[in-house]
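Reproduced below: final.txt, with compact mmCIF, C-alpha atoms and all ligand atoms.
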```
# COMPACT_ATOMS: atom_id res chain seq x y z
CA MET A 1 0.00 0.00 0.00
CA ALA A 2 1.45 3.34 -0.98
CA ASP A 3 0.29 5.11 2.14
CA GLN A 4 1.95 2.41 4.21
CA ALA A 5 5.21 3.18 2.43
CA SER A 6 4.84 6.81 3.38
CA ARG A 7 5.23 5.89 7.02
CA SER A 8 8.23 3.71 6.29
CA SER A 9 11.68 5.00 5.73
CA PRO A 10 15.11 3.47 5.79
CA GLY A 11 16.42 3.79 9.29
CA GLU A 12 18.80 2.29 11.73
CA PRO A 13 17.75 -1.17 12.82
CA VAL A 14 16.46 -1.27 16.35
CA GLY A 15 17.00 -3.97 18.87
CA ARG A 16 14.37 -6.60 19.41
CA GLY A 17 11.58 -5.89 21.82
CA ASP A 18 12.30 -6.06 25.51
CA GLY A 19 11.65 -9.76 26.20
CA ARG A 20 10.77 -8.90 29.78
CA LEU A 21 7.78 -6.90 28.55
CA GLY A 22 6.49 -10.05 26.85
CA GLU A 23 6.99 -11.99 30.08
CA ARG A 24 5.14 -9.36 32.09
CA ILE A 25 2.21 -9.36 29.66
CA ALA A 26 2.12 -13.18 29.70
CA ARG A 27 2.05 -13.16 33.51
CA ARG A 28 -0.80 -10.66 33.50
CA ILE A 29 -2.77 -12.97 31.18
CA GLN A 30 -2.08 -16.03 33.35
CA GLU A 31 -3.41 -14.18 36.38
CA ARG A 32 -6.44 -12.52 34.81
CA GLY A 33 -7.20 -14.36 31.58
CA PRO A 34 -7.01 -12.98 28.02
CA ILE A 35 -6.66 -9.18 27.92
CA PRO A 36 -8.31 -6.66 25.56
CA VAL A 37 -6.27 -5.81 22.46
CA SER A 38 -6.22 -2.17 23.65
CA GLU A 39 -4.42 -3.21 26.84
CA TYR A 40 -1.91 -5.24 24.83
CA VAL A 41 -1.29 -2.39 22.34
CA GLU A 42 -0.98 0.14 25.17
CA ALA A 43 1.78 -2.00 26.74
CA CYS A 44 3.53 -2.65 23.39
CA LEU A 45 3.69 1.05 22.56
CA TYR A 46 3.77 2.95 25.84
CA ASP A 47 4.93 0.67 28.66
CA PRO A 48 7.47 2.86 30.51
CA ASP A 49 10.00 -0.01 30.52
CA GLY A 50 9.89 -1.53 27.07
CA GLY A 51 7.10 0.11 25.05
CA PHE A 52 8.09 0.86 21.45
CA TYR A 53 7.77 4.63 21.91
CA MET A 54 9.29 4.70 25.37
CA ARG A 55 12.57 2.98 24.58
CA PRO A 56 15.37 5.18 23.24
CA ALA A 57 15.32 3.37 19.87
CA GLY A 58 11.57 3.70 19.46
CA GLY A 59 11.83 7.24 20.75
CA ARG A 60 13.64 8.21 17.57
CA SER A 61 10.88 6.77 15.44
CA GLY A 62 9.17 10.03 14.53
CA GLY A 63 12.27 11.42 12.92
CA ARG A 64 13.89 10.89 9.57
CA SER A 65 16.40 8.56 11.17
CA GLY A 66 13.56 6.49 12.52
CA HIS A 67 11.25 3.91 11.09
CA PHE A 68 8.68 5.91 9.16
CA LEU A 69 8.09 9.23 7.54
CA THR A 70 5.20 11.49 8.50
CA ALA A 71 4.06 14.65 6.69
CA PRO A 72 6.04 17.08 8.90
CA GLU A 73 9.11 14.88 8.39
CA VAL A 74 8.88 15.17 4.60
CA GLY A 75 10.13 18.74 4.98
CA PRO A 76 9.04 22.19 6.18
CA LEU A 77 6.26 22.64 3.61
CA PHE A 78 3.55 20.84 5.63
CA GLY A 79 4.22 23.14 8.60
CA ALA A 80 4.31 26.20 6.33
CA VAL A 81 0.84 25.38 5.00
CA LEU A 82 -0.43 24.73 8.50
CA ALA A 83 1.00 28.10 9.58
CA ARG A 84 -1.21 29.73 6.93
CA ALA A 85 -4.24 27.80 8.21
CA LEU A 86 -3.43 28.92 11.78
CA ASP A 87 -3.29 32.54 10.66
CA SER A 88 -6.63 32.27 8.89
CA TRP A 89 -8.30 30.84 12.02
CA TRP A 90 -6.57 33.38 14.26
CA THR A 91 -7.89 36.20 12.07
CA GLU A 92 -11.37 34.68 12.00
CA LEU A 93 -11.34 34.53 15.82
CA GLY A 94 -10.47 38.24 16.05
CA GLU A 95 -6.72 37.83 16.63
CA PRO A 96 -6.88 36.55 20.23
CA ASP A 97 -3.80 36.88 22.42
CA PRO A 98 -2.78 34.35 23.58
CA PHE A 99 -3.56 32.04 20.68
CA THR A 100 -2.64 28.57 21.91
CA VAL A 101 -1.75 25.87 19.39
CA ILE A 102 -1.40 22.40 20.86
CA ASP A 103 0.45 19.76 18.83
CA TRP A 104 -0.82 16.55 20.46
CA GLY A 105 1.47 13.56 19.92
CA ALA A 106 4.17 15.95 18.73
CA GLY A 107 6.89 13.35 18.21
CA PRO A 108 10.28 15.10 18.00
CA GLY A 109 8.68 18.54 17.45
CA THR A 110 9.39 18.83 13.73
CA LEU A 111 5.99 20.37 12.96
CA ALA A 112 6.55 23.07 15.59
CA ARG A 113 9.95 23.86 14.06
CA SER A 114 8.38 24.32 10.64
CA ILE A 115 5.59 26.53 12.00
CA LEU A 116 8.16 28.74 13.73
CA ALA A 117 10.28 28.88 10.56
CA ALA A 118 7.23 29.92 8.50
CA GLU A 119 6.81 33.00 10.76
CA PRO A 120 3.00 33.23 10.71
CA GLY A 121 1.32 36.55 11.55
CA CYS A 122 0.12 35.24 14.94
CA LEU A 123 3.78 34.65 15.85
CA ALA A 124 4.91 38.07 14.65
CA ALA A 125 2.09 39.67 16.68
CA GLY A 126 3.38 37.90 19.78
CA ALA A 127 0.09 35.99 20.27
CA LEU A 128 1.14 32.44 19.39
CA ARG A 129 1.90 29.87 22.12
CA LEU A 130 2.95 26.40 21.01
CA VAL A 131 2.35 23.49 23.36
CA LEU A 132 3.86 20.13 22.41
CA VAL A 133 2.17 17.17 24.10
CA GLU A 134 4.29 14.04 23.91
CA LEU A 135 4.41 10.90 26.04
CA SER A 136 7.87 9.73 25.03
CA PRO A 137 10.74 11.28 27.03
CA ALA A 138 13.16 10.52 24.18
CA GLN A 139 10.98 12.50 21.77
CA ARG A 140 10.44 15.35 24.24
CA ASN A 141 14.21 15.73 24.54
CA LEU A 142 14.23 16.67 20.86
CA HIS A 143 11.63 19.44 21.15
CA PRO A 144 12.79 22.90 20.09
CA GLU A 145 13.83 25.31 22.79
CA HIS A 146 12.00 28.56 22.11
CA PRO A 147 10.38 31.16 24.37
CA ILE A 148 6.86 30.39 23.08
CA VAL A 149 7.25 26.58 23.11
CA THR A 150 6.19 24.45 26.07
CA SER A 151 6.75 20.70 26.18
CA VAL A 152 4.39 18.58 28.32
CA THR A 153 3.44 14.93 28.80
CA SER A 154 -0.30 15.55 28.98
CA VAL A 155 -2.74 18.40 28.53
CA ALA A 156 -3.19 18.48 32.29
CA GLY A 157 0.10 20.37 32.20
CA VAL A 158 -0.92 22.87 29.51
CA PRO A 159 -0.33 26.40 30.75
CA GLU A 160 -2.67 29.15 29.57
CA ALA A 161 -4.90 26.67 27.68
CA GLY A 162 -6.95 29.73 26.90
CA PRO A 163 -10.36 29.94 25.35
CA ALA A 164 -8.96 30.43 21.86
CA GLY A 165 -6.73 28.03 20.04
CA VAL A 166 -6.16 25.05 17.81
CA VAL A 167 -5.38 21.43 18.59
CA VAL A 168 -3.41 19.61 15.89
CA ALA A 169 -2.84 15.85 15.83
CA ASN A 170 -0.82 14.44 12.98
CA GLU A 171 -0.88 10.65 12.90
CA LEU A 172 -1.74 10.45 16.60
CA LEU A 173 -5.14 8.78 16.46
CA ASP A 174 -3.89 5.71 14.58
CA ASN A 175 -1.45 5.23 17.46
CA LEU A 176 -4.04 5.23 20.25
CA PRO A 177 -4.87 1.76 21.63
CA PHE A 178 -7.90 0.09 20.03
CA ASP A 179 -9.95 -3.07 20.58
CA VAL A 180 -10.97 -5.64 17.96
CA VAL A 181 -14.44 -7.12 17.44
CA ARG A 182 -15.82 -9.63 14.98
CA ARG A 183 -19.34 -9.92 13.59
CA THR A 184 -21.04 -13.25 14.19
CA GLU A 185 -24.34 -14.69 12.91
CA ASP A 186 -26.19 -13.39 15.94
CA GLY A 187 -24.09 -10.56 17.35
CA TRP A 188 -20.49 -9.64 18.06
CA GLU A 189 -17.42 -11.24 19.64
CA GLU A 190 -14.46 -9.41 21.09
CA LEU A 191 -11.02 -10.72 20.16
CA ARG A 192 -8.69 -10.71 23.14
CA VAL A 193 -5.00 -11.47 23.49
CA ASP A 194 -4.01 -14.78 25.04
CA ALA A 195 -0.53 -16.04 25.89
CA ASP A 196 0.79 -19.12 24.13
CA GLY A 197 3.12 -19.91 27.02
CA ALA A 198 4.62 -18.11 29.98
CA SER A 199 7.85 -17.07 28.32
CA THR A 200 7.51 -17.74 24.60
CA GLY A 201 6.94 -14.05 23.82
CA ARG A 202 4.20 -15.16 21.43
CA PHE A 203 0.54 -14.34 21.79
CA SER A 204 -2.66 -15.26 19.98
CA LEU A 205 -6.21 -13.97 19.66
CA VAL A 206 -9.18 -15.67 21.29
CA ALA A 207 -12.86 -14.79 20.97
CA VAL A 208 -15.05 -13.88 23.97
CA PRO A 209 -18.62 -12.49 23.99
CA ALA A 210 -18.49 -8.73 23.33
CA ALA A 211 -19.82 -6.33 25.98
CA ALA A 212 -22.77 -4.30 24.69
CA GLU A 213 -21.04 -0.96 25.31
CA LEU A 214 -18.01 -2.07 23.26
CA VAL A 215 -20.04 -2.61 20.09
CA ALA A 216 -22.67 0.08 20.62
CA GLY A 217 -23.13 2.16 17.49
CA LEU A 218 -21.09 -0.05 15.15
CA PRO A 219 -22.54 -0.50 11.67
CA ASP A 220 -23.88 -3.83 10.48
CA ILE A 221 -20.97 -5.55 8.69
CA ALA A 222 -20.49 -8.94 7.05
CA VAL A 223 -20.43 -11.99 9.32
CA GLY A 224 -16.81 -12.89 10.09
CA ALA A 225 -15.46 -9.38 9.40
CA ARG A 226 -13.33 -7.80 12.09
CA VAL A 227 -13.06 -4.08 12.85
CA PRO A 228 -11.21 -1.89 15.33
CA VAL A 229 -13.15 -0.19 18.12
CA GLN A 230 -11.44 3.10 18.82
CA ARG A 231 -12.63 4.22 22.21
CA ALA A 232 -9.36 5.97 23.08
CA ALA A 233 -9.50 7.99 19.84
CA ARG A 234 -13.16 8.84 20.45
CA ASP A 235 -12.31 9.94 24.00
CA TRP A 236 -9.42 11.97 22.62
CA VAL A 237 -11.82 13.92 20.38
CA ALA A 238 -14.05 14.61 23.40
CA GLY A 239 -11.02 15.68 25.49
CA ALA A 240 -9.73 17.98 22.76
CA HIS A 241 -13.13 19.69 22.71
CA GLU A 242 -12.75 20.29 26.45
CA THR A 243 -9.30 21.79 25.89
CA VAL A 244 -10.24 24.34 23.24
CA GLY A 245 -12.85 26.93 24.15
CA GLU A 246 -13.04 28.45 20.69
CA GLY A 247 -11.12 27.48 17.59
CA ARG A 248 -10.37 24.28 15.70
CA ILE A 249 -9.31 20.69 16.24
CA VAL A 250 -7.49 19.23 13.26
CA ALA A 251 -6.51 15.58 12.91
CA PHE A 252 -4.62 14.16 9.94
CA ASP A 253 -4.56 10.40 9.56
CA TYR A 254 -5.08 7.40 7.35
CA GLY A 255 -8.42 5.65 7.64
CA ALA A 256 -11.95 5.14 6.36
CA THR A 257 -15.39 4.43 7.78
CA THR A 258 -15.88 1.27 9.86
CA ASP A 259 -17.81 -0.53 7.10
CA VAL A 260 -14.99 0.11 4.63
CA LEU A 261 -12.42 -1.15 7.15
CA ALA A 262 -14.55 -4.29 7.61
CA GLY A 263 -14.05 -5.02 3.92
CA ARG A 264 -10.30 -4.59 4.24
CA ALA A 265 -10.09 -7.13 7.06
CA GLY A 266 -11.73 -9.95 5.13
CA GLY A 267 -13.94 -12.61 6.64
CA SER A 268 -11.44 -15.31 7.56
CA PRO A 269 -12.74 -17.55 10.37
CA ASP A 270 -9.19 -17.70 11.78
CA PRO A 271 -9.09 -15.07 14.55
CA ALA A 272 -5.33 -14.70 14.14
CA ALA A 273 -5.52 -14.00 10.39
CA ARG A 274 -4.01 -10.74 9.26
CA LEU A 275 -6.08 -7.63 9.99
CA GLY A 276 -6.03 -5.57 6.79
CA TRP A 277 -6.56 -2.24 8.53
CA MET A 278 -3.71 -2.75 11.00
CA ARG A 279 -0.23 -1.51 10.13
CA THR A 280 2.96 -2.28 11.96
CA HIS A 281 6.16 -0.39 11.39
CA ARG A 282 9.73 -1.20 12.18
CA ASP A 283 12.77 -0.22 10.15
CA HIS A 284 11.68 -0.21 6.50
CA ASP A 285 10.15 -3.67 6.31
CA GLY A 286 6.63 -2.78 7.38
CA GLY A 287 7.12 -4.20 10.85
CA SER A 288 7.18 -7.47 12.63
CA TRP A 289 4.21 -9.64 13.60
CA TRP A 290 2.35 -7.69 16.21
CA LEU A 291 1.56 -10.71 18.40
CA ALA A 292 5.21 -11.59 18.92
CA ASP A 293 8.02 -9.74 20.65
CA PRO A 294 5.99 -6.92 22.29
CA GLY A 295 7.63 -3.50 22.04
CA SER A 296 9.58 -4.36 18.91
CA CYS A 297 7.37 -2.50 16.44
CA ASP A 298 4.87 0.30 16.07
CA ILE A 299 1.25 -0.93 15.97
CA THR A 300 -1.31 1.31 14.32
CA THR A 301 -4.80 1.08 12.92
CA ASP A 302 -6.52 2.79 10.04
CA VAL A 303 -8.71 5.33 11.79
CA ALA A 304 -12.47 4.66 11.72
CA LEU A 305 -13.77 8.08 10.72
CA ASP A 306 -17.38 7.48 11.80
CA GLN A 307 -16.31 6.37 15.30
CA LEU A 308 -14.55 9.71 15.82
CA GLN A 309 -17.68 11.67 15.04
CA THR A 310 -20.27 10.09 17.31
CA LEU A 311 -20.34 13.18 19.55
CA HIS A 312 -19.01 15.96 17.34
CA GLN A 313 -19.32 16.15 13.56
CA ALA A 314 -16.15 17.15 11.68
CA GLU A 315 -15.59 18.51 8.21
CA VAL A 316 -13.69 15.75 6.43
CA CYS A 317 -11.57 16.10 3.32
CA THR A 318 -8.40 14.53 2.02
CA GLN A 319 -5.05 15.85 3.21
CA ALA A 320 -4.39 17.01 -0.36
CA GLU A 321 -7.61 19.02 -0.40
CA PHE A 322 -6.79 20.56 3.00
CA LEU A 323 -3.32 21.56 1.83
CA ARG A 324 -4.72 23.08 -1.38
CA ILE A 325 -7.40 25.04 0.50
CA HIS A 326 -4.67 26.52 2.67
CA GLY A 327 -2.33 27.52 -0.13
CA ILE A 328 0.19 24.77 -0.86
CA ASP A 329 0.16 25.57 -4.59
CA GLN A 330 0.94 29.21 -3.89
CA LEU A 331 3.86 28.27 -1.63
CA VAL A 332 5.24 25.96 -4.32
CA ASP A 333 4.92 28.72 -6.97
CA GLU A 334 6.70 31.17 -4.65
CA GLY A 335 9.42 28.56 -4.15
CA ARG A 336 9.86 28.12 -7.90
CA ALA A 337 10.11 31.87 -8.42
CA LEU A 338 12.67 32.21 -5.61
CA TRP A 339 14.71 29.36 -7.06
CA HIS A 340 14.82 30.98 -10.50
CA GLU A 341 15.86 34.25 -8.93
CA ARG A 342 18.57 32.76 -6.69
CA ALA A 343 19.63 29.59 -8.50
CA GLY A 344 22.90 31.29 -9.45
CA VAL A 345 23.66 32.01 -5.80
CA GLY A 346 22.62 28.49 -4.80
CA ASP A 347 22.29 29.44 -1.14
CA LEU A 348 20.27 27.55 1.44
CA ASP A 349 17.11 29.62 0.86
CA ALA A 350 17.26 28.86 -2.87
CA LEU A 351 17.73 25.14 -2.26
CA ARG A 352 14.88 25.09 0.26
CA ALA A 353 12.66 26.88 -2.23
CA ARG A 354 13.46 24.31 -4.90
CA SER A 355 12.74 21.38 -2.61
CA ARG A 356 9.16 22.62 -2.06
CA ALA A 357 8.01 21.11 -5.36
CA ARG A 358 9.33 17.67 -4.38
CA GLU A 359 7.80 17.92 -0.91
CA ALA A 360 4.44 18.92 -2.41
CA GLU A 361 4.55 15.88 -4.67
CA ALA A 362 4.88 13.58 -1.65
CA LEU A 363 2.28 15.41 0.45
CA LEU A 364 -0.31 15.52 -2.35
CA ASP A 365 0.29 12.02 -3.74
CA PRO A 366 -3.20 10.56 -4.30
CA ALA A 367 -1.81 7.05 -3.73
CA GLY A 368 -0.04 8.12 -0.55
CA MET A 369 -0.26 10.96 1.96
CA GLY A 370 -2.53 13.04 -0.26
CA ALA A 371 -5.25 10.46 0.32
CA PHE A 372 -4.97 10.68 4.12
CA ASN A 373 -7.95 12.31 5.86
CA ALA A 374 -8.06 15.78 7.37
CA LEU A 375 -10.76 16.07 10.02
CA VAL A 376 -11.52 19.60 11.14
CA TRP A 377 -13.85 20.29 14.07
CA THR A 378 -14.97 23.86 14.65
CA VAL A 379 -15.31 24.60 18.36
CA GLY A 380 -17.24 27.44 19.96
C1 LIG B 1 3.13 8.45 14.77
S1 LIG B 1 3.84 9.51 15.91
C2 LIG B 1 3.52 11.07 15.12
C3 LIG B 1 4.49 12.14 15.56
C4 LIG B 1 4.27 13.50 14.90
N1 LIG B 1 2.95 14.03 15.14
C5 LIG B 1 4.53 13.43 13.41
O1 LIG B 1 3.60 13.62 12.65
O2 LIG B 1 5.68 13.19 13.02
C6 LIG B 1 2.67 9.50 17.26
C7 LIG B 1 3.23 10.15 18.51
O3 LIG B 1 2.17 10.32 19.46
C8 LIG B 1 2.69 10.06 20.76
N2 LIG B 1 1.54 9.76 21.63
C9 LIG B 1 0.75 8.66 21.61
N3 LIG B 1 -0.23 8.76 22.53
C10 LIG B 1 -0.09 9.96 23.13
C11 LIG B 1 -0.81 10.66 24.12
N4 LIG B 1 -1.89 10.14 24.70
N5 LIG B 1 -0.37 11.88 24.49
C12 LIG B 1 0.72 12.42 23.90
N6 LIG B 1 1.45 11.82 22.95
C13 LIG B 1 1.05 10.60 22.55
C14 LIG B 1 3.65 8.92 20.54
O4 LIG B 1 4.58 8.83 21.60
C15 LIG B 1 4.29 9.33 19.20
O5 LIG B 1 5.43 10.13 19.40
```
So that I can check it, write out the structure of this file as structure tokens.
Amino acid sequence: MADQASRSSPGEPVGRGDGRLGERIARRIQERGPIPVSEYVEACLYDPDGGFYMRPAGGRSGGRSGHFLTAPEVGPLFGAVLARALDSWWTELGEPDPFTVIDWGAGPGTLARSILAAEPGCLAAGALRLVLVELSPAQRNLHPEHPIVTSVTSVAGVPEAGPAGVVVANELLDNLPFDVVRRTEDGWEELRVDADGASTGRFSLVAVPAAAELVAGLPDIAVGARVPVQRAARDWVAGAHETVGEGRIVAFDYGATTDVLAGRAGGSPDPAARLGWMRTHRDHDGGSWWLADPGSCDITTDVALDQLQTLHQAEVCTQAEFLRIHGIDQLVDEGRALWHERAGVGDLDALRARSRAREAEALLDPAGMGAFNALVWTVG
């Protein structure tokens, strides 16, 4: 899949997962029985001692030297377009000061760097505050040091989360733990994670009856099809609405509606069969098997767009459409003009201007990042 490739990039190999994490998960299962997939994914990604994002190697994963490439990591153009969007919302809100922009799941802070470099009007006016929310200490260490930038582990620590602002989440929601359910002839089953043996480091999926609240609101899909249930992502949308009094919430991610994802997963009766909407990432090979060696790879799901909008309706368009609405073509044209003017000098500004066209190609690619979704909620 082309969009899968966009999150993969050549990088340094990382070590295997922390075997002790596998042992701890297996012990938990022996004590309590099979655990929800969300609990397993949470441990694999965010366990403080062995989660993929919490280990130093995984902590590099948002950067170019890591295991995948996100839109801000393609180059500064994505952040430059977003800076224009921020200015348009700031103006629409009557130029509030402070104007707080929260990058939730900020990774190494590359998007913030690009926004600062683009020098939007809200920055020049002294109104902009940038808050980077990031769980991983290794990633937080890479955040830019700047008087208007604050780095926090959760929004509970957001200073001046004023009434006006914008929450941005680029490829965060696919990384929030999710559960898995399967349609049966007469209802739904939940697939849980079981341990194959105390210390094998291998796990499998088993079916248990699904709790009514887990499957509430899911569309009717083909018998045998499996879909993710994204309660953490849905709660995130609700929490973001609490954080912004007036402004926007913008999430960029790959995904589709639940019924479309059901088609991607197929109807195999084998509960362990590959889940078509799940993506794992490690190095440049697309990742290892997610039920072995916990902590060794990123585990993500295509985002179920309908599940994110049960409480608040968003405007949804493709990432390419969003970038065009907010002026990517104009920025590329300006880059071309600057390159022609300064090609003889060949300085850094000229080279940066030239690279805009290549960055735009990647960001707008209809078979790749261009087809990602942009969800924009208007708050207040
Ligand atoms: C796929 S990376 C995307 C990083 C960055 N936004 C980008 O586009 O390059 C997702 C990031 O979200 C972070 N993350 C996951 N859950 C989080 C949460 N609840 N709060 C803050 N950060 C979180 C992870 O540690 C990881 O760095």
* Could you tell me how far atom CA of Val223 of chain A lies from atom CA of Arg279 of chain A, in Å and to one decimal? =>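 Going from atom CA of Val223 of chain A over to atom CA of Arg279 of chain A covers 22.8 Å.
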* Asked: Mind listing the residues within 7 Å of ligand LIG 1 (chain B), only C-alpha atoms and all ligand atoms counted, as a list in words?
  ->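 Residues lying within 7 Å of ligand LIG 1 (chain B): Tyr53, Gly62, Gly63, Thr70, Ala71, Pro72, Glu73, Trp104, Gly105, Ala106, Gly107, Pro108, Thr110, Val133, Glu134, Leu135, Ser136, Gln139, Thr153, Ser154, Ala169, Asn170, Glu171, Leu172, Asn175 and Leu176 of chain A.
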* **Which residue of A:Val227, A:Val244, A:Leu261, A:Leu363 approaches Pro76 of chain A most closely, using only C-alpha atoms** =>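 Under the stated criterion, the closest residue is A:Leu363.
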* Option closest in space to Cys44 of chain A, from A:Pro163, A:Gly245, A:Pro56, A:Pro294 [counting only C-alpha atoms] -> A:Pro294
* Asked: How many Å lie between atom CA of Glu321 of chain A and atom CA of Leu82 of chain A, rounded to one decimal?
  -> 12.8 Å
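Taking atom CA of Ala240 of chain A and atom CA of Trp277 of chain A as endpoints, the distance between them is 24.9 Å.
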* Test item: residues at most 7 Å from Asp302 of chain A, all atoms listed in the file, excluding those fewer than 2 positions along its chain, as a list in words -> Asp174, Tyr254, Gly255, Ala256, Trp277, Met278, Thr300 and Ala304 of chain A
* Nearest to Ile25 of chain A by atom-to-atom distance, counting all atoms listed in the file, from A:Gly346, A:Pro137, A:Pro96, A:Gly295 -> A:Gly295
